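S.K.: What follows is target.txt, compact mmCIF, C-alpha atoms.
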```
# COMPACT_ATOMS: atom_id res chain seq x y z
CA MET A 1 -18.87 -165.54 -103.87
CA THR A 2 -20.24 -169.09 -103.50
CA THR A 3 -22.07 -169.69 -100.23
CA LEU A 4 -20.34 -172.39 -98.21
CA LYS A 5 -22.46 -175.38 -97.22
CA ALA A 6 -21.95 -178.57 -95.26
CA VAL A 7 -20.17 -181.25 -97.30
CA ARG A 8 -22.49 -183.69 -99.06
CA GLY A 9 -23.26 -186.61 -96.77
CA THR A 10 -22.85 -184.49 -93.62
CA ARG A 11 -25.26 -182.11 -91.93
CA ASP A 12 -25.72 -179.77 -89.02
CA LEU A 13 -27.82 -180.83 -86.04
CA LEU A 14 -29.75 -177.87 -84.66
CA PRO A 15 -32.16 -177.15 -81.81
CA PRO A 16 -34.79 -178.34 -81.13
CA GLU A 17 -33.76 -181.63 -82.80
CA THR A 18 -30.61 -181.83 -80.69
CA ALA A 19 -32.81 -182.07 -77.60
CA LEU A 20 -34.01 -185.46 -78.91
CA TRP A 21 -30.40 -186.57 -79.53
CA ASN A 22 -29.48 -185.56 -75.99
CA ARG A 23 -32.46 -187.43 -74.56
CA ILE A 24 -31.49 -190.62 -76.44
CA GLU A 25 -27.90 -190.40 -75.20
CA ALA A 26 -28.99 -189.67 -71.62
CA VAL A 27 -31.28 -192.72 -71.59
CA ALA A 28 -28.51 -194.86 -73.10
CA ARG A 29 -25.99 -193.72 -70.46
CA ALA A 30 -28.50 -194.40 -67.68
CA VAL A 31 -29.28 -197.92 -68.95
CA PHE A 32 -25.60 -198.76 -69.48
CA ALA A 33 -24.81 -197.62 -65.94
CA ARG A 34 -27.39 -200.05 -64.52
CA TYR A 35 -25.60 -202.88 -66.33
CA ASN A 36 -22.22 -201.68 -64.97
CA PHE A 37 -20.76 -200.39 -68.25
CA GLY A 38 -18.16 -197.60 -68.25
CA GLU A 39 -17.48 -195.11 -71.05
CA ILE A 40 -14.47 -195.35 -73.38
CA ARG A 41 -13.41 -192.63 -75.84
CA THR A 42 -11.05 -193.75 -78.60
CA PRO A 43 -9.36 -191.54 -81.26
CA ILE A 44 -11.41 -190.57 -84.31
CA PHE A 45 -8.61 -191.85 -86.57
CA GLU A 46 -6.44 -194.96 -86.28
CA ASP A 47 -3.68 -196.76 -88.15
CA THR A 48 -5.25 -198.13 -91.35
CA SER A 49 -3.94 -201.64 -90.64
CA LEU A 50 -6.23 -201.83 -87.59
CA PHE A 51 -9.29 -201.97 -89.81
CA ALA A 52 -7.69 -204.07 -92.56
CA ARG A 53 -6.74 -206.74 -89.98
CA GLY A 54 -9.80 -206.38 -87.77
CA VAL A 55 -12.75 -205.63 -90.03
CA GLY A 56 -11.43 -207.59 -93.03
CA GLU A 57 -9.74 -206.52 -96.26
CA GLU A 58 -12.51 -207.97 -98.44
CA THR A 59 -15.35 -206.20 -96.64
CA ASP A 60 -17.00 -203.28 -98.43
CA ILE A 61 -15.97 -201.01 -95.55
CA VAL A 62 -12.24 -201.59 -96.05
CA SER A 63 -12.22 -202.07 -99.80
CA LYS A 64 -14.50 -199.19 -100.80
CA GLU A 65 -15.71 -196.96 -97.96
CA MET A 66 -12.85 -195.78 -95.72
CA TYR A 67 -11.39 -192.26 -95.60
CA THR A 68 -7.64 -192.93 -95.65
CA TRP A 69 -4.61 -190.69 -96.09
CA GLU A 70 -0.83 -190.78 -95.71
CA ASP A 71 0.42 -188.91 -92.65
CA ARG A 72 3.74 -187.46 -93.76
CA ALA A 73 6.82 -188.31 -91.70
CA ARG A 74 7.94 -185.61 -89.28
CA ALA A 75 11.63 -186.38 -89.85
CA GLN A 76 13.69 -188.00 -92.58
CA SER A 77 14.29 -191.02 -90.38
CA GLU A 78 10.56 -191.65 -89.94
CA LYS A 79 8.26 -193.46 -92.33
CA SER A 80 4.92 -192.02 -93.29
CA GLN A 81 1.89 -193.70 -91.74
CA SER A 82 -1.43 -194.59 -93.35
CA LEU A 83 -4.28 -193.26 -91.20
CA THR A 84 -8.04 -193.81 -91.46
CA LEU A 85 -11.05 -192.03 -90.01
CA ARG A 86 -12.76 -194.74 -87.97
CA PRO A 87 -15.55 -196.44 -89.98
CA GLU A 88 -16.64 -198.36 -86.86
CA ASN A 89 -15.54 -198.45 -83.23
CA THR A 90 -15.17 -202.09 -82.15
CA ALA A 91 -11.68 -202.49 -83.61
CA GLY A 92 -10.55 -199.33 -81.80
CA VAL A 93 -11.97 -200.53 -78.49
CA VAL A 94 -10.19 -203.88 -78.82
CA ARG A 95 -6.98 -202.08 -79.79
CA ALA A 96 -7.31 -200.02 -76.58
CA TYR A 97 -8.00 -203.21 -74.59
CA ILE A 98 -4.74 -204.69 -75.87
CA GLU A 99 -2.65 -201.51 -75.62
CA HIS A 100 -3.63 -200.79 -72.02
CA LYS A 101 -3.38 -204.45 -70.95
CA LEU A 102 -6.93 -204.47 -69.61
CA GLY A 103 -6.96 -208.27 -69.79
CA GLU A 104 -4.39 -208.41 -66.99
CA THR A 105 -7.08 -207.31 -64.52
CA GLY A 106 -8.70 -210.73 -64.96
CA GLN A 107 -12.08 -209.00 -65.10
CA LEU A 108 -14.67 -208.53 -67.82
CA GLN A 109 -14.35 -205.13 -69.46
CA LYS A 110 -17.81 -203.64 -70.12
CA LEU A 111 -17.29 -200.51 -72.20
CA TYR A 112 -19.61 -198.20 -74.11
CA TYR A 113 -19.01 -195.32 -76.54
CA ILE A 114 -20.97 -192.53 -78.21
CA GLY A 115 -19.52 -190.66 -81.17
CA PRO A 116 -19.09 -190.09 -84.92
CA GLN A 117 -17.92 -192.64 -87.49
CA PHE A 118 -17.04 -192.06 -91.15
CA ARG A 119 -17.69 -194.00 -94.35
CA ARG A 120 -17.47 -192.99 -97.99
CA GLU A 121 -20.84 -194.26 -99.17
CA ARG A 122 -23.76 -192.89 -101.15
CA PRO A 123 -25.81 -190.67 -98.83
CA GLN A 124 -29.46 -191.64 -98.39
CA LYS A 125 -32.15 -191.36 -95.75
CA GLY A 126 -30.62 -192.28 -92.40
CA ARG A 127 -27.18 -192.91 -93.95
CA TYR A 128 -24.50 -190.25 -93.95
CA ARG A 129 -20.76 -190.09 -94.59
CA GLN A 130 -20.35 -188.82 -91.05
CA PHE A 131 -22.78 -190.71 -88.86
CA PHE A 132 -23.15 -191.33 -85.16
CA GLN A 133 -23.11 -194.56 -83.20
CA ILE A 134 -23.90 -195.62 -79.67
CA GLY A 135 -22.17 -198.91 -78.98
CA ALA A 136 -20.88 -201.21 -76.28
CA GLU A 137 -18.46 -204.11 -75.95
CA VAL A 138 -18.05 -206.88 -73.36
CA ILE A 139 -14.55 -208.35 -73.60
CA GLY A 140 -12.15 -210.18 -71.34
CA PRO A 141 -10.17 -213.36 -70.69
CA PRO A 142 -12.08 -216.65 -70.89
CA SER A 143 -11.52 -217.13 -67.15
CA ALA A 144 -13.82 -214.11 -66.59
CA GLY A 145 -16.70 -215.77 -68.41
CA SER A 146 -16.34 -213.81 -71.64
CA GLU A 147 -17.20 -216.85 -73.78
CA SER A 148 -20.43 -217.59 -71.92
CA PRO A 149 -23.67 -217.50 -73.92
CA LEU A 150 -25.11 -215.70 -70.90
CA ARG A 151 -23.06 -212.64 -71.91
CA ASP A 152 -24.75 -212.69 -75.33
CA ALA A 153 -28.20 -212.96 -73.80
CA GLU A 154 -27.51 -210.21 -71.26
CA VAL A 155 -26.41 -207.79 -73.99
CA LEU A 156 -29.54 -208.56 -76.01
CA GLU A 157 -31.77 -208.17 -72.95
CA MET A 158 -30.08 -204.80 -72.24
CA LEU A 159 -30.80 -203.64 -75.78
CA ALA A 160 -34.44 -204.67 -75.49
CA THR A 161 -34.62 -202.64 -72.27
CA LEU A 162 -32.96 -199.63 -73.91
CA LEU A 163 -35.35 -199.58 -76.87
CA ASP A 164 -38.34 -199.98 -74.56
CA GLU A 165 -37.18 -197.13 -72.30
CA LEU A 166 -36.66 -194.89 -75.33
CA GLY A 167 -40.28 -195.55 -76.22
CA ILE A 168 -39.58 -197.47 -79.44
CA THR A 169 -42.41 -199.90 -80.11
CA GLY A 170 -42.69 -202.64 -82.71
CA TRP A 171 -39.01 -203.56 -82.87
CA THR A 172 -37.92 -207.04 -84.00
CA LEU A 173 -34.78 -208.87 -82.85
CA HIS A 174 -33.28 -211.00 -85.65
CA LEU A 175 -30.90 -213.68 -84.39
CA ASN A 176 -28.47 -216.14 -85.96
CA SER A 177 -25.20 -217.96 -85.34
CA VAL A 178 -22.33 -217.86 -87.82
CA GLY A 179 -20.43 -220.46 -85.80
CA SER A 180 -16.74 -220.69 -85.04
CA SER A 181 -13.98 -219.69 -87.46
CA ALA A 182 -13.75 -223.35 -88.51
CA ASP A 183 -17.53 -223.46 -89.09
CA ARG A 184 -17.30 -220.34 -91.22
CA ALA A 185 -14.44 -221.75 -93.26
CA ARG A 186 -16.47 -224.87 -94.06
CA TYR A 187 -19.55 -222.83 -94.82
CA ASN A 188 -17.61 -220.46 -97.08
CA GLU A 189 -16.41 -223.40 -99.13
CA ALA A 190 -19.97 -224.75 -99.40
CA LEU A 191 -21.17 -221.32 -100.53
CA ARG A 192 -18.32 -220.97 -103.02
CA ALA A 193 -19.19 -224.33 -104.57
CA ALA A 194 -22.90 -223.48 -104.72
CA LEU A 195 -22.23 -220.04 -106.23
CA GLU A 196 -19.72 -221.10 -108.87
CA PRO A 197 -22.27 -222.14 -111.53
CA ILE A 198 -24.74 -219.29 -110.84
CA ALA A 199 -22.69 -216.26 -109.74
CA HIS A 200 -22.53 -214.91 -113.31
CA THR A 201 -26.32 -214.31 -113.17
CA MET A 202 -26.05 -212.09 -110.09
CA CYS A 203 -25.07 -208.43 -109.53
CA ALA A 204 -21.47 -207.31 -110.01
CA ASP A 205 -20.81 -207.13 -106.26
CA CYS A 206 -22.04 -210.69 -105.75
CA GLN A 207 -19.89 -211.94 -108.63
CA ARG A 208 -16.85 -210.45 -106.91
CA ARG A 209 -17.84 -211.66 -103.44
CA ALA A 210 -18.51 -215.19 -104.71
CA VAL A 211 -14.77 -215.48 -105.28
CA THR A 212 -13.22 -213.31 -102.56
CA ASN A 213 -15.66 -213.72 -99.64
CA PRO A 214 -18.78 -215.82 -100.37
CA LEU A 215 -20.34 -215.10 -96.98
CA ARG A 216 -20.83 -211.47 -98.03
CA VAL A 217 -23.22 -212.59 -100.78
CA LEU A 218 -25.84 -213.04 -98.06
CA ASP A 219 -25.66 -209.26 -97.41
CA CYS A 220 -26.85 -208.49 -100.95
CA LYS A 221 -29.94 -206.24 -101.14
CA VAL A 222 -30.47 -206.42 -104.92
CA PRO A 223 -34.09 -207.68 -105.37
CA GLU A 224 -33.29 -209.81 -108.43
CA ASP A 225 -30.67 -211.79 -106.47
CA GLN A 226 -32.92 -212.71 -103.56
CA PRO A 227 -34.51 -215.89 -105.05
CA ILE A 228 -31.00 -217.21 -105.77
CA ILE A 229 -29.73 -216.41 -102.28
CA GLU A 230 -32.73 -218.08 -100.65
CA LYS A 231 -31.70 -221.41 -102.21
CA LEU A 232 -28.07 -221.24 -101.02
CA PRO A 233 -26.81 -223.54 -98.20
CA ARG A 234 -27.61 -222.38 -94.65
CA ILE A 235 -25.02 -221.75 -91.96
CA ALA A 236 -27.14 -223.61 -89.38
CA ASP A 237 -26.41 -226.83 -91.26
CA HIS A 238 -22.65 -226.30 -90.92
CA LEU A 239 -22.29 -225.58 -87.19
CA ASP A 240 -20.25 -227.94 -85.03
CA PRO A 241 -21.90 -229.32 -81.82
CA GLU A 242 -20.20 -226.73 -79.60
CA SER A 243 -21.53 -223.81 -81.66
CA GLN A 244 -24.99 -225.40 -81.72
CA GLN A 245 -24.97 -225.72 -77.92
CA HIS A 246 -23.78 -222.13 -77.48
CA PHE A 247 -26.60 -220.78 -79.65
CA ALA A 248 -29.19 -222.98 -77.92
CA ALA A 249 -28.06 -221.58 -74.56
CA VAL A 250 -28.43 -218.00 -75.85
CA THR A 251 -31.99 -218.57 -77.04
CA ALA A 252 -32.90 -220.44 -73.84
CA ALA A 253 -31.74 -217.47 -71.73
CA LEU A 254 -33.71 -215.04 -73.91
CA ASP A 255 -36.80 -217.23 -73.57
CA ALA A 256 -36.40 -217.24 -69.78
CA ALA A 257 -36.06 -213.43 -69.74
CA GLY A 258 -39.08 -212.96 -72.00
CA VAL A 259 -37.15 -211.25 -74.82
CA PRO A 260 -38.81 -212.07 -78.18
CA TYR A 261 -36.67 -212.86 -81.22
CA THR A 262 -36.87 -214.18 -84.77
CA LEU A 263 -34.37 -216.69 -86.17
CA ASN A 264 -32.86 -215.39 -89.41
CA HIS A 265 -30.53 -217.84 -91.16
CA ARG A 266 -29.27 -215.17 -93.60
CA LEU A 267 -28.07 -212.77 -90.92
CA VAL A 268 -24.26 -212.76 -91.10
CA ARG A 269 -23.48 -209.04 -90.62
CA GLY A 270 -20.97 -207.12 -92.74
CA LEU A 271 -17.73 -207.53 -90.78
CA ASP A 272 -15.32 -210.46 -90.89
CA TYR A 273 -14.59 -210.53 -87.16
CA TYR A 274 -18.00 -211.92 -86.14
CA THR A 275 -18.27 -215.45 -84.71
CA ARG A 276 -21.22 -217.37 -83.31
CA THR A 277 -24.05 -215.04 -82.23
CA THR A 278 -25.02 -212.28 -84.66
CA PHE A 279 -28.07 -210.05 -84.33
CA GLU A 280 -29.98 -207.03 -85.61
CA PHE A 281 -32.87 -205.02 -84.23
CA THR A 282 -35.13 -203.70 -86.98
CA HIS A 283 -38.13 -201.39 -87.13
CA GLY A 284 -40.80 -201.16 -89.82
CA GLY A 285 -40.85 -197.36 -89.78
CA LEU A 286 -37.51 -197.13 -91.61
CA GLY A 287 -38.52 -198.72 -94.92
CA ALA A 288 -36.40 -201.31 -96.73
CA GLN A 289 -33.18 -200.38 -94.92
CA ASN A 290 -34.81 -201.05 -91.55
CA ALA A 291 -31.96 -201.94 -89.18
CA ILE A 292 -31.67 -199.74 -86.08
CA LEU A 293 -28.69 -201.57 -84.60
CA GLY A 294 -26.66 -204.71 -84.95
CA GLY A 295 -23.78 -206.63 -83.54
CA GLY A 296 -22.44 -209.98 -82.53
CA ARG A 297 -19.70 -212.03 -80.95
CA TYR A 298 -16.04 -211.66 -82.04
CA ASP A 299 -14.05 -214.29 -80.19
CA GLY A 300 -10.90 -214.08 -82.32
CA LEU A 301 -10.57 -210.33 -82.90
CA SER A 302 -8.06 -209.65 -80.13
CA GLU A 303 -5.71 -212.35 -81.44
CA ALA A 304 -6.08 -211.01 -85.01
CA LEU A 305 -4.85 -207.65 -83.73
CA GLY A 306 -1.85 -209.19 -81.95
CA GLY A 307 -3.39 -209.34 -78.48
CA PRO A 308 -4.19 -212.09 -75.99
CA ARG A 309 -7.14 -214.40 -76.26
CA ALA A 310 -10.11 -212.24 -75.27
CA PRO A 311 -13.56 -213.34 -76.46
CA GLY A 312 -16.09 -210.56 -76.73
CA ILE A 313 -19.51 -209.44 -77.88
CA GLY A 314 -20.74 -205.99 -78.82
CA PHE A 315 -23.13 -203.88 -80.85
CA ALA A 316 -23.49 -200.50 -82.53
CA ILE A 317 -26.67 -198.45 -82.70
CA GLY A 318 -27.08 -196.15 -85.70
CA GLU A 319 -28.09 -193.05 -83.74
CA ASP A 320 -29.18 -191.23 -86.91
CA ARG A 321 -31.62 -194.04 -87.70
CA LEU A 322 -32.74 -194.26 -84.08
CA VAL A 323 -33.70 -190.57 -84.25
CA LEU A 324 -35.63 -191.20 -87.48
CA THR A 325 -37.49 -194.06 -85.81
CA LEU A 326 -38.55 -191.91 -82.87
CA GLN A 327 -39.55 -189.05 -85.16
CA ALA A 328 -41.67 -191.45 -87.25
CA GLN A 329 -43.41 -192.69 -84.09
CA GLU A 330 -43.83 -189.20 -82.62
CA PRO A 331 -44.15 -186.69 -85.52
CA ASP A 332 -44.66 -183.80 -83.10
CA GLN A 333 -40.99 -184.09 -82.14
CA ASN A 334 -40.05 -182.79 -85.58
CA SER A 335 -41.53 -179.34 -84.89
CA ALA A 336 -41.47 -179.17 -81.11
CA PRO A 337 -40.28 -175.75 -79.95
CA ARG A 338 -37.27 -175.39 -77.73
CA GLN A 339 -38.26 -175.65 -74.06
CA ALA A 340 -38.98 -172.18 -72.67
CA ALA A 341 -36.61 -170.67 -70.14
CA ASP A 342 -37.94 -170.02 -66.65
CA ALA A 343 -37.38 -166.29 -66.92
CA TYR A 344 -36.23 -163.48 -69.19
CA ILE A 345 -34.40 -160.64 -67.44
CA ALA A 346 -35.25 -157.30 -69.11
CA PRO A 347 -32.90 -154.48 -68.07
CA LEU A 348 -34.42 -151.01 -68.54
CA GLY A 349 -31.55 -149.11 -70.12
CA GLU A 350 -27.97 -150.03 -70.82
CA ALA A 351 -26.95 -148.81 -67.36
CA MET A 352 -28.87 -151.81 -65.96
CA ASN A 353 -27.00 -154.44 -68.05
CA ALA A 354 -24.40 -155.24 -65.40
CA ALA A 355 -27.06 -155.56 -62.68
CA ALA A 356 -29.13 -157.78 -64.99
CA LEU A 357 -26.17 -160.11 -65.49
CA SER A 358 -25.69 -160.28 -61.72
CA LEU A 359 -29.37 -161.17 -61.22
CA ALA A 360 -29.26 -163.78 -64.01
CA ARG A 361 -26.18 -165.38 -62.42
CA GLU A 362 -27.94 -165.46 -59.05
CA LEU A 363 -31.01 -167.20 -60.51
CA ARG A 364 -29.02 -169.62 -62.66
CA HIS A 365 -27.08 -170.77 -59.61
CA THR A 366 -30.39 -171.96 -58.12
CA GLY A 367 -30.96 -174.20 -61.17
CA LEU A 368 -33.29 -171.92 -63.14
CA ALA A 369 -32.96 -171.46 -66.91
CA VAL A 370 -32.61 -167.74 -67.60
CA GLU A 371 -32.46 -165.72 -70.81
CA LEU A 372 -30.68 -162.38 -70.51
CA GLY A 373 -32.04 -159.38 -72.40
CA GLU A 374 -30.28 -156.18 -73.47
CA GLY A 375 -30.77 -152.72 -72.00
CA SER A 376 -30.77 -151.02 -75.39
CA PHE A 377 -34.07 -152.75 -76.26
CA ARG A 378 -37.27 -150.79 -75.93
CA LEU A 379 -39.64 -152.37 -73.40
CA LYS A 380 -41.97 -153.56 -76.18
CA LYS A 381 -39.09 -155.37 -77.92
CA SER A 382 -38.05 -156.97 -74.61
CA PHE A 383 -41.59 -158.26 -74.09
CA GLU A 384 -41.68 -159.68 -77.62
CA ALA A 385 -38.33 -161.42 -77.16
CA ALA A 386 -39.32 -162.73 -73.74
CA ASP A 387 -42.64 -164.11 -74.98
CA LYS A 388 -40.75 -166.22 -77.57
CA THR A 389 -38.14 -167.63 -75.20
CA ALA A 390 -39.39 -167.71 -71.59
CA ARG A 391 -42.39 -168.31 -69.37
CA CYS A 392 -41.96 -165.06 -67.43
CA ILE A 393 -40.36 -161.66 -67.87
CA VAL A 394 -38.55 -160.01 -64.95
CA ILE A 395 -38.26 -156.23 -65.34
CA LEU A 396 -35.15 -154.66 -63.84
CA GLY A 397 -34.94 -150.86 -63.76
CA GLU A 398 -33.40 -148.32 -61.40
CA ASP A 399 -36.48 -148.40 -59.14
CA GLU A 400 -36.45 -152.21 -58.91
CA LEU A 401 -32.73 -152.22 -58.21
CA GLN A 402 -33.07 -149.71 -55.39
CA SER A 403 -36.21 -151.15 -53.79
CA GLY A 404 -35.35 -154.83 -54.24
CA ILE A 405 -38.92 -155.42 -55.48
CA LEU A 406 -39.05 -156.84 -59.01
CA THR A 407 -41.95 -156.89 -61.47
CA VAL A 408 -42.68 -160.34 -62.91
CA LYS A 409 -45.19 -161.02 -65.67
CA ASP A 410 -46.35 -164.58 -66.33
CA PHE A 411 -47.14 -164.99 -70.04
CA SER A 412 -49.47 -167.98 -69.62
CA THR A 413 -51.81 -166.22 -67.17
CA GLY A 414 -51.12 -162.60 -68.02
CA THR A 415 -50.73 -161.80 -64.32
CA GLN A 416 -48.16 -159.28 -63.14
CA THR A 417 -46.69 -159.67 -59.66
CA LYS A 418 -44.34 -157.68 -57.44
CA VAL A 419 -41.78 -160.08 -55.95
CA PRO A 420 -39.00 -159.34 -53.43
CA ARG A 421 -35.61 -160.21 -54.88
CA ALA A 422 -34.88 -162.60 -52.01
CA GLU A 423 -38.02 -164.61 -52.94
CA LEU A 424 -37.66 -164.40 -56.72
CA ALA A 425 -35.95 -167.77 -57.31
CA VAL A 426 -38.59 -169.64 -55.27
CA PHE A 427 -41.40 -167.74 -57.03
CA LEU A 428 -40.07 -168.59 -60.52
CA ALA A 429 -39.52 -172.22 -59.57
CA GLU A 430 -43.11 -172.78 -58.45
CA PRO A 431 -44.63 -175.82 -60.25
CA ASN A 432 -47.03 -175.19 -63.12
CA ARG A 433 -45.96 -171.54 -63.40
CA GLY A 434 -46.42 -170.77 -67.08
```
Before we go any further, please render this structure as structure tokens.

M.R.:
Amino acid sequence: MTTLKAVRGTRDLLPPETALWNRIEAVARAVFARYNFGEIRTPIFEDTSLFARGVGEETDIVSKEMYTWEDRARAQSEKSQSLTLRPENTAGVVRAYIEHKLGETGQLQKLYYIGPQFRRERPQKGRYRQFFQIGAEVIGPPSAGSESPLRDAEVLEMLATLLDELGITGWTLHLNSVGSSADRARYNEALRAALEPIAHTMCADCQRRAVTNPLRVLDCKVPEDQPIIEKLPRIADHLDPESQQHFAAVTAALDAAGVPYTLNHRLVRGLDYYTRTTFEFTHGGLGAQNAILGGGRYDGLSEALGGPRAPGIGFAIGEDRLVLTLQAQEPDQNSAPRQAADAYIAPLGEAMNAAALSLARELRHTGLAVELGEGSFRLKKSFEAADKTARCIVILGEDELQSGILTVKDFSTGTQTKVPRAELAVFLAEPNRG
């Protein structure tokens, strides 16, 4: 019989690596809370039209990478529905904003999410078909200040803080403006005209994009196409005065806050809903595909999905790549053992199992981490198991149960101590024990 394995492009996350994932998520939640963000959890699958209308039908995500299926009708009178595993989370958050009429509060909605996304793409280092994102969105009616460049700068300053508090050093913030929808339309036409005589010399994807969505040509990573792309018109030369002023205000606020950045005229991001500010944080430890996170402003997305005018800005962190970055900076994290429990309870004989569980429950309720042994083990086996999983072993036999005096051995010092049961939790919790 063939041994079952995880599907290609997916993988299992196991201890001790999951401890690093949990630490990243805990730091993210703590930072978001300081900036007054609340958590949102949207469905893992949505109506396919949400992504076609929101992300853009000509994007690679919608045209090539989504997992889509027909949900059969439950009754003859019902039509089947096309459903898609979410390839990104911004469209779902904006859909929830519209559906639950959050704009009627008149307040900015500051929402974050942590969870899996799905794309049918070729698996490679840091890229999986099921991958994990940490993201956040700031969205609301214009009267709440959602269009303000200060919102852009605050999000970027928050991300700089998050990366610093995670201990990631050497990151670079790449910044650009893709202007308003009118700016983009003009720029797309300029790109289309510039690409028409030369597109045939580029890769197959660029030849297609040159006709359907010229802006996507700037996303090309094919080395041979780079000299051609470098000579194409720049978006900065096609921004109207309002977009120029908005971007200048963003950079001025970042300068005042001391957040470093690099202007990158080719940064347009891969989704059609972006307007004005776009950004990426990169790190040299990831190789050529070096983006840790990215995002931007999407002032027309709510209207595109049938909702009210609700400008917004958001980002998504590739958690898989963030983990790789931290592991590259701190190689010891790759092989770090699981943190030892405070104590291992070793019952002497199966008749002591129930009493051992009672003692473990008592200690756990004080906040201690406790591993519970098994009375059928010989004492030598219990010691071997305890030495691998805990700092101390607590021996529980008939004598200990009757007297209330327990034997505790500390593996780091080799000392063995008799401890009254009433004092055991305090004894095990002493700092530097083990």

S.K.: Considering only C-alpha atoms, state which residue in the set A:Leu159, A:Ala351, A:Leu218, A:Ala249 is at the smallest distance from Leu396 in chain A.

M.R.: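 Checking each of A:Leu159, A:Ala351, A:Leu218, A:Ala249 against Leu396 in chain A, counting only C-alpha atoms, the winner is A:Ala351.
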
S.K.: Give the answer as one residue: which of A:Asn188, A:Thr10, A:Thr169, A:Thr201 has the shortest atom-to-atom distance to Arg119 in chain A, using all atoms listed in the file?

M.R.: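 Distance minimum relative to Arg119 in chain A lands on A:Thr10.
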
S.K.: If we draw a sphere of 8 Å around (-39.4, -203.1, -81.0), which residues have at least one atom in it when counting all atoms listed in the file? Please report them as a list in words.

M.R.: Ala160, Leu163, Asp164, Ile168, Thr169, Gly170, Trp171, Thr172, Leu173, Phe281, Thr282 and His283 of chain A

S.K.: Excluding range 407-420 of chain A and its own-chain neighbours fewer than 4 positions away, which residues fall within 7 Å of it when counting all atoms listed in the file? Please give them as a list in words.

M.R.: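 Once the adjacent positions are removed, what remains is Asp387, Arg391, Cys392, Ile393, Val394, Ile395, Leu424 and Gly434 of chain A.
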
S.K.: As a ChimeraX atom specification, please: the residues near Ile44 in chain A (cut-off 10 Å, only C-alpha atoms, same-chain neighbours under 4 positions excluded).

M.R.: /A:84-89,92,115-118

S.K.: Any idea what the distance is between CA of Pro347 in chain A and CA of Ser376 in chain A?

M.R.: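 Interatomic distance, CA of Pro347 in chain A to CA of Ser376 in chain A: 8.4 Å.
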
S.K.: Just want the 12 Å neighbourhood of Asn353 in chain A, counted on all atoms listed in the file, with same-chain residues fewer than 3 positions away dropped. Output as a ChimeraX atom specification.

M.R.: /A:345-350,356-360,372-377,395-398,401

S.K.: Filtering to C-alpha atoms, could you give me those residues as a PDB file, in the frame of the given file?

M.R.:
```pdb
ATOM      1  CA  ILE A 345     -34.400-160.640 -67.440  1.00  0.00           C
ATOM      2  CA  ALA A 346     -35.250-157.300 -69.110  1.00  0.00           C
ATOM      3  CA  PRO A 347     -32.900-154.480 -68.070  1.00  0.00           C
ATOM      4  CA  LEU A 348     -34.420-151.010 -68.540  1.00  0.00           C
ATOM      5  CA  GLY A 349     -31.550-149.110 -70.120  1.00  0.00           C
ATOM      6  CA  GLU A 350     -27.970-150.030 -70.820  1.00  0.00           C
ATOM      7  CA  ALA A 356     -29.130-157.780 -64.990  1.00  0.00           C
ATOM      8  CA  LEU A 357     -26.170-160.110 -65.490  1.00  0.00           C
ATOM      9  CA  SER A 358     -25.690-160.280 -61.720  1.00  0.00           C
ATOM     10  CA  LEU A 359     -29.370-161.170 -61.220  1.00  0.00           C
ATOM     11  CA  ALA A 360     -29.260-163.780 -64.010  1.00  0.00           C
ATOM     12  CA  LEU A 372     -30.680-162.380 -70.510  1.00  0.00           C
ATOM     13  CA  GLY A 373     -32.040-159.380 -72.400  1.00  0.00           C
ATOM     14  CA  GLU A 374     -30.280-156.180 -73.470  1.00  0.00           C
ATOM     15  CA  GLY A 375     -30.770-152.720 -72.000  1.00  0.00           C
ATOM     16  CA  SER A 376     -30.770-151.020 -75.390  1.00  0.00           C
ATOM     17  CA  PHE A 377     -34.070-152.750 -76.260  1.00  0.00           C
ATOM     18  CA  ILE A 395     -38.260-156.230 -65.340  1.00  0.00           C
ATOM     19  CA  LEU A 396     -35.150-154.660 -63.840  1.00  0.00           C
ATOM     20  CA  GLY A 397     -34.940-150.860 -63.760  1.00  0.00           C
ATOM     21  CA  GLU A 398     -33.400-148.320 -61.400  1.00  0.00           C
ATOM     22  CA  LEU A 401     -32.730-152.220 -58.210  1.00  0.00           C
TER      23      LEU A 401
END
```

S.K.: What does the distance from CA of Ile313 in chain A to CA of Thr325 in chain A come to in Å, to one decimal?

M.R.: 25.0 Å

S.K.: Excluding Thr68 in chain A and residues on its chain fewer than 4 positions from it, collect all residues at most 12 Å away from it, counting all atoms listed in the file, and give them as a list of chain:residue names.

M.R.: A:Phe45, A:Glu46, A:Asp47, A:Thr48, A:Ser49, A:Phe51, A:Ala52, A:Ile61, A:Val62, A:Ser63, A:Lys64, A:Gln81, A:Ser82, A:Leu83, A:Thr84, A:Leu85, A:Arg86, A:Pro87, A:Phe118, A:Arg119, A:Arg120

S.K.: Limited to C-alpha atoms, could you put the picked residues into a file as a compact mmCIF listing (two decimals), in the coordinates of the input?

M.R.:
```txt
# COMPACT_ATOMS: atom_id res chain seq x y z
CA PHE A 45 -8.61 -191.85 -86.57
CA GLU A 46 -6.44 -194.96 -86.28
CA ASP A 47 -3.68 -196.76 -88.15
CA THR A 48 -5.25 -198.13 -91.35
CA SER A 49 -3.94 -201.64 -90.64
CA PHE A 51 -9.29 -201.97 -89.81
CA ALA A 52 -7.69 -204.07 -92.56
CA ILE A 61 -15.97 -201.01 -95.55
CA VAL A 62 -12.24 -201.59 -96.05
CA SER A 63 -12.22 -202.07 -99.80
CA LYS A 64 -14.50 -199.19 -100.80
CA GLN A 81 1.89 -193.70 -91.74
CA SER A 82 -1.43 -194.59 -93.35
CA LEU A 83 -4.28 -193.26 -91.20
CA THR A 84 -8.04 -193.81 -91.46
CA LEU A 85 -11.05 -192.03 -90.01
CA ARG A 86 -12.76 -194.74 -87.97
CA PRO A 87 -15.55 -196.44 -89.98
CA PHE A 118 -17.04 -192.06 -91.15
CA ARG A 119 -17.69 -194.00 -94.35
CA ARG A 120 -17.47 -192.99 -97.99
```
